[in-house]
$ cat data12.tsv   # TSV, C-alpha atoms and all ligand atoms
chain	number	residue	atom	x	y	z
I	190	MET	CA	260.15	103.90	131.53
I	191	LYS	CA	261.26	103.00	135.06
I	192	ARG	CA	261.04	105.84	137.56
I	193	VAL	CA	261.01	106.13	141.37
I	194	LYS	CA	260.88	108.89	143.98
I	195	ALA	CA	262.65	108.88	147.34
I	196	PHE	CA	262.71	111.19	150.34
I	197	ALA	CA	265.59	111.71	152.81
I	198	PRO	CA	265.26	113.68	156.01
I	199	ALA	CA	267.07	116.68	157.43
I	200	THR	CA	269.50	115.88	160.23
I	201	VAL	CA	271.13	117.39	163.28
I	202	ALA	CA	274.84	116.50	163.30
I	203	ASN	CA	277.20	116.50	166.30
I	204	VAL	CA	274.41	116.74	168.93
I	205	SER	CA	276.76	118.91	171.05
I	206	CYS	CA	279.35	116.44	172.35
I	207	GLY	CA	279.49	114.07	169.35
I	208	PHE	CA	281.56	116.14	166.92
I	209	ASP	CA	281.63	114.22	163.59
I	210	ILE	CA	280.42	111.00	165.29
I	211	LEU	CA	276.76	111.57	166.26
I	212	GLY	CA	273.64	112.74	164.50
I	213	PHE	CA	269.87	112.29	164.43
I	214	ALA	CA	267.18	112.54	161.78
I	215	LEU	CA	264.16	114.85	161.76
I	216	ASP	CA	260.60	114.28	160.61
I	217	SER	CA	258.98	115.91	157.54
I	218	LEU	CA	261.79	118.28	156.53
I	219	GLY	CA	264.01	116.92	153.80
I	220	ASP	CA	264.80	116.52	150.09
I	221	THR	CA	262.98	114.51	147.45
I	222	VAL	CA	264.64	112.98	144.41
I	223	GLU	CA	262.90	111.43	141.42
I	224	LEU	CA	265.01	109.22	139.15
I	225	VAL	CA	264.22	107.99	135.68
I	226	ALA	CA	266.29	105.11	134.28
I	227	LYS	CA	267.73	105.96	130.86
I	228	GLU	CA	268.42	103.68	127.88
I	229	SER	CA	271.86	105.29	127.53
I	230	PRO	CA	274.70	105.79	130.06
I	231	GLY	CA	275.26	109.07	131.90
I	232	LEU	CA	273.75	111.04	134.76
I	233	THR	CA	271.83	114.22	134.01
I	234	VAL	CA	270.47	116.57	136.69
I	235	LYS	CA	267.38	117.67	134.74
I	236	SER	CA	265.89	120.06	137.28
I	237	ILE	CA	266.24	121.41	140.82
I	238	LYS	CA	263.29	123.01	142.58
I	239	GLY	CA	263.36	125.00	145.83
I	240	ASP	CA	267.01	126.14	145.70
I	241	GLY	CA	266.43	129.61	144.26
I	242	GLY	CA	268.69	128.65	141.34
I	243	LYS	CA	271.73	128.35	143.60
I	244	LEU	CA	272.68	124.69	143.25
I	245	PRO	CA	274.78	123.21	140.44
I	246	LEU	CA	273.22	121.08	137.70
I	247	GLU	CA	276.65	119.74	136.65
I	248	GLU	CA	276.81	116.04	137.45
I	249	ASP	CA	280.26	116.31	139.00
I	250	LYS	CA	279.06	119.01	141.44
I	251	ASN	CA	275.58	117.95	142.54
I	252	THR	CA	275.57	115.57	145.52
I	253	CYS	CA	272.77	113.47	143.94
I	254	SER	CA	274.81	112.59	140.87
I	255	ILE	CA	278.15	112.38	142.73
I	256	ALA	CA	276.67	109.81	145.12
I	257	ILE	CA	275.02	107.78	142.35
I	258	GLN	CA	278.23	107.83	140.28
I	259	ALA	CA	280.20	106.47	143.26
I	260	MET	CA	277.64	103.67	143.57
I	261	LEU	CA	277.71	102.85	139.82
I	262	ASP	CA	281.54	102.83	139.85
I	263	ALA	CA	281.54	100.35	142.75
I	264	MET	CA	279.24	98.06	140.73
I	265	GLY	CA	281.00	98.58	137.41
I	266	SER	CA	277.62	99.70	136.00
I	267	LYS	CA	277.04	102.15	133.15
I	268	GLN	CA	273.31	102.62	133.89
I	269	GLY	CA	272.18	106.18	133.14
I	270	PHE	CA	269.63	108.23	135.09
I	271	ASP	CA	267.78	111.52	134.75
I	272	ILE	CA	267.62	113.23	138.14
I	273	TYR	CA	264.89	115.59	139.39
I	274	LEU	CA	265.69	117.16	142.78
I	275	GLU	CA	263.27	119.00	145.08
I	276	LYS	CA	265.03	120.83	147.92
I	277	GLY	CA	262.95	120.96	151.06
I	278	LEU	CA	265.77	122.37	153.17
I	279	PRO	CA	267.39	125.77	153.36
I	280	LEU	CA	270.97	125.75	152.01
I	281	GLY	CA	273.96	126.16	154.32
I	282	SER	CA	271.66	126.09	157.33
I	283	GLY	CA	273.21	123.24	159.28
I	284	MET	CA	270.32	120.85	158.70
I	285	GLY	CA	272.22	118.47	156.46
I	286	SER	CA	270.98	119.79	153.14
I	287	SER	CA	273.72	118.33	150.93
I	288	ALA	CA	273.43	114.98	152.76
I	289	ALA	CA	269.65	114.71	152.26
I	290	SER	CA	270.04	115.13	148.47
I	291	ALA	CA	272.71	112.42	148.29
I	292	VAL	CA	270.78	109.96	150.44
I	293	ALA	CA	267.47	110.40	148.58
I	294	ALA	CA	269.30	109.88	145.27
I	295	LEU	CA	271.03	106.71	146.51
I	296	VAL	CA	267.81	105.18	147.88
I	297	ALA	CA	266.07	105.81	144.55
I	298	ALA	CA	269.00	104.50	142.46
I	299	ASN	CA	269.34	101.36	144.58
I	300	GLU	CA	265.66	100.60	143.97
I	301	LEU	CA	265.90	101.11	140.20
I	302	LEU	CA	268.99	98.90	140.07
I	303	GLY	CA	267.17	96.05	141.84
I	304	ASN	CA	268.52	96.72	145.36
I	305	PRO	CA	272.11	95.44	144.95
I	306	PHE	CA	273.04	97.14	148.26
I	307	ASP	CA	271.68	96.88	151.80
I	308	LYS	CA	270.70	100.33	153.00
I	309	LYS	CA	273.67	100.58	155.38
I	310	ASP	CA	276.06	99.78	152.53
I	311	LEU	CA	274.99	102.93	150.65
I	312	LEU	CA	276.78	105.03	153.27
I	313	PRO	CA	280.27	105.18	151.66
I	314	PHE	CA	278.73	106.62	148.46
I	315	ALA	CA	276.93	109.33	150.42
I	316	ILE	CA	280.18	110.19	152.21
I	317	VAL	CA	281.91	110.73	148.83
I	318	ALA	CA	279.20	113.27	147.94
I	319	GLU	CA	279.43	115.00	151.32
I	320	LYS	CA	283.16	115.46	150.89
I	321	ALA	CA	282.59	117.04	147.49
I	322	ALA	CA	279.93	119.44	148.86
I	323	CYS	CA	281.62	120.71	151.98
I	324	GLY	CA	285.24	119.59	151.84
I	325	ALA	CA	285.06	117.12	154.74
I	326	ALA	CA	284.11	113.44	154.55
I	327	HIS	CA	282.02	113.62	157.71
I	328	ALA	CA	279.16	111.09	158.03
I	329	ASP	CA	277.12	112.56	160.88
I	330	ASN	CA	274.50	113.96	158.47
I	331	VAL	CA	274.44	111.22	155.83
I	332	ALA	CA	274.33	108.30	158.30
I	333	PRO	CA	271.20	109.44	160.24
I	334	SER	CA	269.56	110.68	157.03
I	335	LEU	CA	270.02	107.18	155.57
I	336	LEU	CA	269.26	105.06	158.63
I	337	GLY	CA	267.03	107.30	160.77
I	338	GLY	CA	267.10	107.80	164.54
I	339	PHE	CA	270.26	108.60	166.47
I	340	VAL	CA	273.36	107.18	164.80
I	341	LEU	CA	276.87	106.80	166.16
I	342	ILE	CA	279.78	106.68	163.72
I	343	ARG	CA	282.27	104.62	165.72
I	344	ASP	CA	284.87	104.65	162.96
I	345	TYR	CA	285.30	106.01	159.45
I	346	PHE	CA	287.85	103.60	157.94
I	347	PRO	CA	285.78	101.64	157.08
I	348	PRO	CA	282.55	103.29	158.30
I	349	ASP	CA	281.20	101.50	161.38
I	350	VAL	CA	277.77	102.94	162.24
I	351	ILE	CA	275.50	101.99	165.12
I	352	LYS	CA	271.83	102.94	165.47
I	353	LEU	CA	271.02	104.08	169.00
I	354	PRO	CA	267.63	103.94	170.73
I	355	VAL	CA	265.36	107.01	170.74
I	356	PRO	CA	263.64	107.64	174.10
I	357	GLU	CA	259.86	107.99	173.86
I	358	GLY	CA	258.89	111.67	173.97
I	359	LEU	CA	262.26	113.14	172.98
I	360	CYS	CA	261.49	116.16	170.76
I	361	CYS	CA	263.50	118.71	168.86
I	362	THR	CA	262.88	122.38	168.14
I	363	LEU	CA	265.03	123.92	165.43
I	364	LEU	CA	265.78	127.63	165.41
I	365	HIS	CA	266.97	128.79	162.02
I	366	PRO	CA	268.10	132.43	162.06
I	367	HIS	CA	268.22	134.00	158.62
I	368	TYR	CA	271.85	133.92	157.62
I	369	GLN	CA	274.01	131.33	155.92
I	370	LEU	CA	277.14	129.65	157.22
I	371	ASN	CA	279.17	127.16	155.22
I	372	THR	CA	280.49	124.02	156.85
I	373	SER	CA	283.98	124.68	155.49
I	374	ASP	CA	284.03	128.12	157.18
I	375	SER	CA	282.73	126.69	160.48
I	376	ARG	CA	285.39	123.98	160.37
I	377	SER	CA	288.15	126.45	159.70
I	378	VAL	CA	287.80	128.01	163.20
I	379	LEU	CA	288.40	124.69	165.00
I	380	ARG	CA	291.66	123.73	166.72
I	381	GLU	CA	293.80	120.94	165.25
I	382	ARG	CA	294.89	119.76	168.70
I	383	ILE	CA	292.68	119.06	171.71
I	384	PRO	CA	294.11	119.32	175.25
I	385	LEU	CA	293.88	116.08	177.24
I	386	LYS	CA	291.45	117.61	179.76
I	387	ASP	CA	289.02	118.58	176.95
I	388	ALA	CA	289.30	115.09	175.41
I	389	ILE	CA	288.38	113.58	178.77
I	390	THR	CA	285.41	115.95	179.27
I	391	GLN	CA	284.12	115.30	175.75
I	392	SER	CA	284.47	111.49	176.05
I	393	GLY	CA	282.56	111.55	179.34
I	394	ASN	CA	279.74	113.52	177.76
I	395	VAL	CA	279.49	111.33	174.64
I	396	ALA	CA	279.39	108.22	176.80
I	397	GLY	CA	276.82	109.89	179.07
I	398	LEU	CA	274.60	110.88	176.15
I	399	ILE	CA	274.66	107.38	174.70
I	400	ALA	CA	273.92	105.82	178.10
I	401	GLY	CA	271.09	108.36	178.53
I	402	LEU	CA	269.57	107.32	175.18
I	403	PHE	CA	269.77	103.63	176.11
I	404	GLN	CA	268.25	104.20	179.56
I	405	SER	CA	265.72	106.88	178.48
I	406	ASP	CA	267.29	108.96	181.24
I	407	PHE	CA	266.43	112.56	180.32
I	408	GLU	CA	268.45	114.03	183.20
I	409	LEU	CA	271.56	112.20	182.03
I	410	ILE	CA	270.92	113.30	178.43
I	411	SER	CA	270.61	116.87	179.68
I	412	ARG	CA	273.85	116.75	181.71
I	413	SER	CA	275.71	115.28	178.73
I	414	LEU	CA	274.67	117.82	176.06
I	415	LYS	CA	277.91	119.79	176.44
I	416	ASP	CA	280.60	120.41	173.86
I	417	VAL	CA	284.10	121.68	174.64
I	418	ILE	CA	285.56	120.93	171.20
I	419	ALA	CA	283.54	122.85	168.60
I	420	GLU	CA	280.92	125.02	170.29
I	421	PRO	CA	283.27	127.39	172.18
I	422	TYR	CA	285.03	128.23	168.88
I	423	ARG	CA	281.98	128.33	166.62
I	424	ALA	CA	279.83	130.38	169.01
I	425	SER	CA	281.60	133.56	167.90
I	426	LEU	CA	280.25	132.98	164.35
I	427	LEU	CA	276.66	132.84	165.68
I	428	PRO	CA	275.14	136.17	166.77
I	429	GLY	CA	273.22	135.86	170.04
I	430	PHE	CA	274.29	132.26	170.66
I	431	GLU	CA	274.96	132.49	174.42
I	432	THR	CA	271.84	134.62	175.05
I	433	VAL	CA	269.60	132.17	173.17
I	434	LYS	CA	271.18	129.21	174.95
I	435	SER	CA	270.58	130.70	178.40
I	436	ALA	CA	266.98	131.52	177.44
I	437	MET	CA	266.30	127.97	176.18
I	438	LEU	CA	267.74	126.35	179.31
I	439	ARG	CA	265.67	128.72	181.51
I	440	ALA	CA	262.59	127.78	179.45
I	441	GLY	CA	263.10	124.09	180.28
I	442	ALA	CA	265.26	122.68	177.46
I	443	LEU	CA	267.25	119.52	178.14
I	444	GLY	CA	270.00	121.21	176.19
I	445	MET	CA	270.73	123.40	173.19
I	446	GLY	CA	273.55	123.24	170.70
I	447	ILE	CA	274.60	124.09	167.17
I	448	SER	CA	272.93	121.89	164.56
I	449	GLY	CA	275.85	120.58	162.51
I	450	SER	CA	278.01	123.54	161.72
I	451	GLY	CA	275.18	126.07	162.16
I	452	PRO	CA	273.67	128.60	162.01
I	453	THR	CA	270.57	126.53	162.95
I	454	LEU	CA	270.38	125.69	166.65
I	455	PHE	CA	268.69	122.56	168.00
I	456	VAL	CA	266.84	122.46	171.29
I	457	LEU	CA	266.02	119.07	172.81
I	458	SER	CA	263.07	118.66	175.17
I	459	LYS	CA	261.01	116.01	176.86
I	460	GLY	CA	257.65	116.28	175.10
I	461	ALA	CA	256.27	118.84	172.69
I	462	HIS	CA	254.67	121.28	175.14
I	463	LEU	CA	257.66	123.67	175.38
I	464	HIS	CA	258.06	124.21	171.63
I	465	GLU	CA	256.06	127.47	171.48
I	466	LYS	CA	257.81	128.88	174.53
I	467	PHE	CA	261.23	128.15	172.98
I	468	GLY	CA	260.09	129.84	169.77
I	469	SER	CA	258.75	132.99	171.40
I	470	GLU	CA	261.82	133.44	173.64
I	471	ALA	CA	264.20	132.94	170.70
I	472	LYS	CA	262.20	135.29	168.48
I	473	LYS	CA	262.53	138.14	170.99
I	474	ILE	CA	266.32	137.75	170.96
I	475	TYR	CA	266.69	137.49	167.19
I	476	ASP	CA	264.29	140.46	166.71
I	477	GLN	CA	266.66	142.56	168.80
I	478	LEU	CA	269.54	141.43	166.61
I	479	GLY	CA	267.55	142.32	163.48
I	480	LEU	CA	267.59	138.71	162.27
I	481	GLY	CA	264.60	136.81	160.89
I	482	LEU	CA	263.88	133.39	162.34
I	483	ASP	CA	262.22	130.20	161.10
I	484	MET	CA	261.25	127.56	163.63
I	485	TYR	CA	260.57	123.91	163.08
I	486	PHE	CA	259.32	121.35	165.52
I	487	SER	CA	260.10	117.69	164.98
I	488	LYS	CA	260.00	114.30	166.56
I	489	ILE	CA	263.00	112.10	165.87
I	490	ASN	CA	262.57	110.31	162.51
I	491	THR	CA	263.44	106.66	163.13
I	492	GLN	CA	263.03	105.45	159.50
I	493	GLY	CA	265.57	107.50	157.55
I	494	GLY	CA	265.50	107.83	153.76
I	495	GLY	CA	262.90	105.80	151.91
I	496	LEU	CA	260.84	105.48	148.76
I	497	ILE	CA	257.74	107.59	148.21
I	498	GLN	CA	254.92	105.56	146.70
I	499	SER	CA	253.21	107.47	143.90
I	501	LIG	N1	272.19	118.66	146.04
I	501	LIG	C1	273.24	119.41	146.29
I	501	LIG	N2	274.31	119.39	145.45
I	501	LIG	C2	275.40	120.15	145.66
I	501	LIG	N3	275.53	120.97	146.70
I	501	LIG	C3	274.50	121.03	147.59
I	501	LIG	C4	273.33	120.25	147.44
I	501	LIG	N4	272.49	120.53	148.47
I	501	LIG	C5	273.13	121.43	149.24
I	501	LIG	N5	274.32	121.74	148.72
I	501	LIG	C6	275.35	122.67	149.18
I	501	LIG	O1	276.28	121.96	149.97
I	501	LIG	C7	277.03	122.89	150.70
I	501	LIG	C8	277.30	122.27	152.01
I	501	LIG	O2	276.18	122.43	152.73
I	501	LIG	P1	276.51	122.75	154.22
I	501	LIG	O3	277.13	121.53	154.75
I	501	LIG	O4	277.18	124.06	154.30
I	501	LIG	O5	275.14	122.98	154.85
I	501	LIG	P2	274.07	121.99	155.24
I	501	LIG	O6	274.19	120.78	154.37
I	501	LIG	O7	272.80	122.73	155.25
I	501	LIG	O8	274.32	121.64	156.74
I	501	LIG	P3	275.38	120.93	157.66
I	501	LIG	O9	276.13	122.01	158.36
I	501	LIG	O10	274.50	120.16	158.58
I	501	LIG	O11	276.24	120.05	156.77
I	501	LIG	C9	276.23	124.19	150.74
I	501	LIG	O12	276.90	125.13	149.94
I	501	LIG	C10	274.91	123.80	150.08
I	501	LIG	O13	274.38	124.83	149.29
I	502	LIG	N1	280.26	117.35	161.99
I	502	LIG	C1	280.17	118.34	160.95
I	502	LIG	C2	278.74	118.49	160.56
I	502	LIG	C3	278.50	119.51	159.50
I	502	LIG	O1	277.14	119.51	159.24
I	502	LIG	C4	280.71	119.65	161.48
I	502	LIG	O2	280.32	120.03	162.58
I	502	LIG	O3	281.52	120.28	160.80

$ encode --input "data12.tsv" --output "C-alpha cells"
Amino acid sequence: MKRVKAFAPATVANVSCGFDILGFALDSLGDTVELVAKESPGLTVKSIKGDGGKLPLEEDKNTCSIAIQAMLDAMGSKQGFDIYLEKGLPLGSGMGSSAASAVAALVAANELLGNPFDKKDLLPFAIVAEKAACGAAHADNVAPSLLGGFVLIRDYFPPDVIKLPVPEGLCCTLLHPHYQLNTSDSRSVLRERIPLKDAITQSGNVAGLIAGLFQSDFELISRSLKDVIAEPYRASLLPGFETVKSAMLRAGALGMGISGSGPTLFVLSKGAHLHEKFGSEAKKIYDQLGLGLDMYFSKINTQGGGLIQS
C-alpha cells in the first residue's frame, strides 16, 4: 500500500502592511498529514489528532480533503485516499492552521500521484480550501506555508507569487493569548473603502518592507512594519493590544503586528537574544488581563511544506 507523510508550517499572514498580499513561514510549528492511496475512489478523513475533537471529518468540510479534491478535479483523476491529520497548531489562533492542513495534504497527494504538479502550481488548490474554511480566498497563509520564506502575492487572478529574500538573523516571537478569533469575524470589522491617503501610506510601507528584505536593512524593515488598513480596526478585538505593542517596541522589537487575523501577535527582531524579554513583558500584561499566554520563538522557515521521510 502506498503511503506518505508531509508537514506544512504555520505562517504569519499580512506582516502588518501587507494585508492579504504578504506572509512568512515559521519553523517547527505546523500540521502533519499522512495519506494512504486507496484501490477505490473517494477521500476519507480517517482521523484527526490534536484538535480536541473540534474539526470536521466530512470530506467536503476538512481543508485536507477539499484541497486534494480540487487537485484531483483539475487532473480528472478518481484516485482515492485515506487521510490522517495531526494538528500541531492551535485553531483560530491566526497562525494559518487551516492553511497548514491543506498544504501538507497537497504535498503528500502530489507525491503519491507521481508529482504531476510543480510545488508552486499546488497553490490554487490550497486557496480553494482556505476559502471553504474561513470564507475568504486569501493566499497569504497558504503561499508561504507551501513555498517557505517571505512570499508576496502580487495578484490573485491568476495567483502570481514571488518569494522574497530572508535577511540573516531575522527572528520571530509569537505571542498567543488564550482566546479564539475567527478570520471571518476579524474581516467583518474592516472597511470596504480605503481613503487615498491610507492607500498611499500602506503602499509606501509595503514597498519599504520589501526593499528592506532585499537589502537586509533592519531599520527600513522596522520603519515599514506599519498598517493603516486592518490593524486600527482589528485592535479593538484584541485585549491589551496597544499596551503589548508599546512594551515590545520599548524592549527592542523591530515591529509588532497581528499575525493574520489574530489573536496571535508576531514580534520581529534582529537575532534571538530578545525573545525571553519579549515573553516576560507580554506575560505581565496578559496576567493583568487574566489571559493565559503561549509563546513560540521561530526563525523564518525557508523550505515550506515538504515530505517527512519515515
Ligand atoms: N484541517 C482543517 N479543516 C477544516 N477546518 C480547519 C482545519 N484546520 C483549521 N480549521 C478551521 O479553519 C477555520 C479558519 O481558521 P482561521 O483562519 O480562523 O484561523 P487560523 O487558520 O488559525 O489563522 P489565520 O487567521 O492565520 O487564517 C477555523 O475555524 C479553524 O478551526
Ligand atoms: N489576510 C488574512 C489572513 C487571515 O489569516 C486576513 O488578515 O484576514

$ closest_residue --input "data12.tsv" --among "I:Ser448, I:Ser458, I:Gln404, I:Thr200" --to "Ala424 in chain I" --atoms "all atoms listed in the file"
I:Ser448

$ axis_aligned_box --input "data12.tsv" --around "range 234-237 of chain I" --padding-each-side "6 Å" --output "JSON"
{"center_x": 268.2, "center_y": 119.0, "center_z": 137.8, "size_x": 16.6, "size_y": 16.8, "size_z": 18.1}

$ atom_distance --input "data12.tsv" --atom1 "CA of Gln268 in chain I" --atom2 "CA of Ile316 in chain I"
21.0 Å

$ residues_near_ligand --input "data12.tsv" --ligand "ligand LIG 501 (chain I)" --cutoff "9 Å" --atoms "all atoms listed in the file" --output "MDAnalysis selection string"
chainID I and resid 199:203 220 237 240 243:246 250:255 274:276 278:291 318:319 321:324 327 329:330 369:375 448:453

$ closest_residue --input "data12.tsv" --among "I:Leu261, I:Leu457, I:Met445, I:Ile351" --to "Gly231 in chain I" --atoms "all atoms listed in the file"
I:Leu261

$ residues_around --input "data12.tsv" --residues "range 294-305 of chain I" --least-positions-apart "5" --cutoff "9 Å" --atoms "all atoms listed in the file" --output "VMD selection string"
chain I and resid 191 to 197 221 to 226 252 to 254 256 to 257 260 264 268 270 272 274 289 311 314 to 315 335 494 to 496

$ residues_around --input "data12.tsv" --residues "range 338-346 of chain I" --least-positions-apart "2" --cutoff "6 Å" --atoms "all atoms listed in the file" --output "PyMOL selection string"
chain I and resi 210-214+333+348-353+490-491

$ closest_residue --input "data12.tsv" --among "I:Leu454, I:Ile383, I:Leu398, I:Cys361" --to "ligand LIG 502 (chain I)" --atoms "only C-alpha atoms and all ligand atoms"
I:Leu454

$ closest_residue --input "data12.tsv" --among "I:Val317, I:Leu215, I:Ala461, I:Leu312" --to "Glu357 in chain I" --atoms "all atoms listed in the file"
I:Ala461

$ closest_residue --input "data12.tsv" --among "I:Tyr422, I:Phe430, I:Tyr485, I:Tyr368" --to "ligand LIG 502 (chain I)" --atoms "only C-alpha atoms and all ligand atoms"
I:Tyr422

$ atom_distance --input "data12.tsv" --atom1 "CA of Leu443 in chain I" --atom2 "CA of Lys473 in chain I"
20.5 Å

$ build_atoms --input "data12.tsv" --residues "range 320-350 of chain I" --atoms "N, CA and C atoms" --output "PDB file, in the frame of the given file"
ATOM      1  N   LYS I 320     281.799 114.881 150.987  1.00  0.00           N
ATOM      2  CA  LYS I 320     283.160 115.460 150.890  1.00  0.00           C
ATOM      3  C   LYS I 320     283.212 116.478 149.747  1.00  0.00           C
ATOM      4  N   ALA I 321     282.575 116.125 148.635  1.00  0.00           N
ATOM      5  CA  ALA I 321     282.590 117.040 147.490  1.00  0.00           C
ATOM      6  C   ALA I 321     281.844 118.339 147.813  1.00  0.00           C
ATOM      7  N   ALA I 322     280.752 118.245 148.592  1.00  0.00           N
ATOM      8  CA  ALA I 322     279.930 119.440 148.860  1.00  0.00           C
ATOM      9  C   ALA I 322     280.557 120.362 149.881  1.00  0.00           C
ATOM     10  N   CYS I 323     281.161 119.797 150.923  1.00  0.00           N
ATOM     11  CA  CYS I 323     281.620 120.710 151.980  1.00  0.00           C
ATOM     12  C   CYS I 323     283.063 120.480 152.396  1.00  0.00           C
ATOM     13  N   GLY I 324     283.798 119.685 151.632  1.00  0.00           N
ATOM     14  CA  GLY I 324     285.240 119.590 151.840  1.00  0.00           C
ATOM     15  C   GLY I 324     285.651 118.604 152.926  1.00  0.00           C
ATOM     16  N   ALA I 325     284.699 118.068 153.683  1.00  0.00           N
ATOM     17  CA  ALA I 325     285.060 117.120 154.740  1.00  0.00           C
ATOM     18  C   ALA I 325     284.203 115.867 154.579  1.00  0.00           C
ATOM     19  N   ALA I 326     284.840 114.702 154.742  1.00  0.00           N
ATOM     20  CA  ALA I 326     284.110 113.440 154.550  1.00  0.00           C
ATOM     21  C   ALA I 326     283.435 113.028 155.850  1.00  0.00           C
ATOM     22  N   HIS I 327     282.680 113.953 156.443  1.00  0.00           N
ATOM     23  CA  HIS I 327     282.020 113.620 157.710  1.00  0.00           C
ATOM     24  C   HIS I 327     280.702 112.880 157.410  1.00  0.00           C
ATOM     25  N   ALA I 328     280.339 111.946 158.302  1.00  0.00           N
ATOM     26  CA  ALA I 328     279.160 111.090 158.030  1.00  0.00           C
ATOM     27  C   ALA I 328     278.017 111.358 158.994  1.00  0.00           C
ATOM     28  N   ASP I 329     278.147 112.390 159.829  1.00  0.00           N
ATOM     29  CA  ASP I 329     277.120 112.560 160.880  1.00  0.00           C
ATOM     30  C   ASP I 329     275.842 113.216 160.371  1.00  0.00           C
ATOM     31  N   ASN I 330     275.776 113.627 159.108  1.00  0.00           N
ATOM     32  CA  ASN I 330     274.500 113.960 158.470  1.00  0.00           C
ATOM     33  C   ASN I 330     274.019 112.793 157.605  1.00  0.00           C
ATOM     34  N   VAL I 331     274.900 112.255 156.768  1.00  0.00           N
ATOM     35  CA  VAL I 331     274.440 111.220 155.830  1.00  0.00           C
ATOM     36  C   VAL I 331     273.998 109.945 156.559  1.00  0.00           C
ATOM     37  N   ALA I 332     274.695 109.571 157.636  1.00  0.00           N
ATOM     38  CA  ALA I 332     274.330 108.300 158.300  1.00  0.00           C
ATOM     39  C   ALA I 332     272.925 108.367 158.929  1.00  0.00           C
ATOM     40  N   PRO I 333     272.581 109.402 159.730  1.00  0.00           N
ATOM     41  CA  PRO I 333     271.200 109.440 160.240  1.00  0.00           C
ATOM     42  C   PRO I 333     270.174 109.704 159.151  1.00  0.00           C
ATOM     43  N   SER I 334     270.533 110.453 158.103  1.00  0.00           N
ATOM     44  CA  SER I 334     269.560 110.680 157.030  1.00  0.00           C
ATOM     45  C   SER I 334     269.230 109.352 156.348  1.00  0.00           C
ATOM     46  N   LEU I 335     270.224 108.488 156.211  1.00  0.00           N
ATOM     47  CA  LEU I 335     270.020 107.180 155.570  1.00  0.00           C
ATOM     48  C   LEU I 335     269.279 106.207 156.495  1.00  0.00           C
ATOM     49  N   LEU I 336     269.737 106.138 157.746  1.00  0.00           N
ATOM     50  CA  LEU I 336     269.260 105.060 158.630  1.00  0.00           C
ATOM     51  C   LEU I 336     268.154 105.493 159.583  1.00  0.00           C
ATOM     52  N   GLY I 337     268.030 106.793 159.825  1.00  0.00           N
ATOM     53  CA  GLY I 337     267.030 107.300 160.770  1.00  0.00           C
ATOM     54  C   GLY I 337     267.507 107.179 162.215  1.00  0.00           C
ATOM     55  N   GLY I 338     266.797 107.852 163.110  1.00  0.00           N
ATOM     56  CA  GLY I 338     267.100 107.800 164.540  1.00  0.00           C
ATOM     57  C   GLY I 338     268.394 108.494 164.892  1.00  0.00           C
ATOM     58  N   PHE I 339     268.928 108.141 166.063  1.00  0.00           N
ATOM     59  CA  PHE I 339     270.260 108.600 166.470  1.00  0.00           C
ATOM     60  C   PHE I 339     271.268 107.604 165.930  1.00  0.00           C
ATOM     61  N   VAL I 340     272.349 108.089 165.356  1.00  0.00           N
ATOM     62  CA  VAL I 340     273.360 107.180 164.800  1.00  0.00           C
ATOM     63  C   VAL I 340     274.739 107.600 165.310  1.00  0.00           C
ATOM     64  N   LEU I 341     275.486 106.603 165.741  1.00  0.00           N
ATOM     65  CA  LEU I 341     276.870 106.800 166.160  1.00  0.00           C
ATOM     66  C   LEU I 341     277.793 106.308 165.039  1.00  0.00           C
ATOM     67  N   ILE I 342     278.765 107.136 164.676  1.00  0.00           N
ATOM     68  CA  ILE I 342     279.780 106.680 163.720  1.00  0.00           C
ATOM     69  C   ILE I 342     281.015 106.336 164.548  1.00  0.00           C
ATOM     70  N   ARG I 343     281.165 105.040 164.845  1.00  0.00           N
ATOM     71  CA  ARG I 343     282.270 104.620 165.720  1.00  0.00           C
ATOM     72  C   ARG I 343     283.606 104.779 165.031  1.00  0.00           C
ATOM     73  N   ASP I 344     283.617 104.517 163.704  1.00  0.00           N
ATOM     74  CA  ASP I 344     284.870 104.650 162.960  1.00  0.00           C
ATOM     75  C   ASP I 344     284.533 105.008 161.514  1.00  0.00           C
ATOM     76  N   TYR I 345     285.504 105.596 160.842  1.00  0.00           N
ATOM     77  CA  TYR I 345     285.300 106.010 159.450  1.00  0.00           C
ATOM     78  C   TYR I 345     285.990 105.085 158.445  1.00  0.00           C
ATOM     79  N   PHE I 346     287.010 104.359 158.884  1.00  0.00           N
ATOM     80  CA  PHE I 346     287.850 103.600 157.940  1.00  0.00           C
ATOM     81  C   PHE I 346     287.914 102.128 158.295  1.00  0.00           C
ATOM     82  N   PRO I 347     286.958 101.307 157.859  1.00  0.00           N
ATOM     83  CA  PRO I 347     285.780 101.640 157.080  1.00  0.00           C
ATOM     84  C   PRO I 347     284.677 102.157 158.006  1.00  0.00           C
ATOM     85  N   PRO I 348     283.605 102.769 157.443  1.00  0.00           N
ATOM     86  CA  PRO I 348     282.550 103.290 158.300  1.00  0.00           C
ATOM     87  C   PRO I 348     281.920 102.172 159.154  1.00  0.00           C
ATOM     88  N   ASP I 349     281.819 102.449 160.445  1.00  0.00           N
ATOM     89  CA  ASP I 349     281.200 101.500 161.380  1.00  0.00           C
ATOM     90  C   ASP I 349     280.108 102.292 162.109  1.00  0.00           C
ATOM     91  N   VAL I 350     278.845 102.105 161.702  1.00  0.00           N
ATOM     92  CA  VAL I 350     277.770 102.940 162.240  1.00  0.00           C
ATOM     93  C   VAL I 350     276.813 102.106 163.083  1.00  0.00           C
TER      94      VAL I 350
END
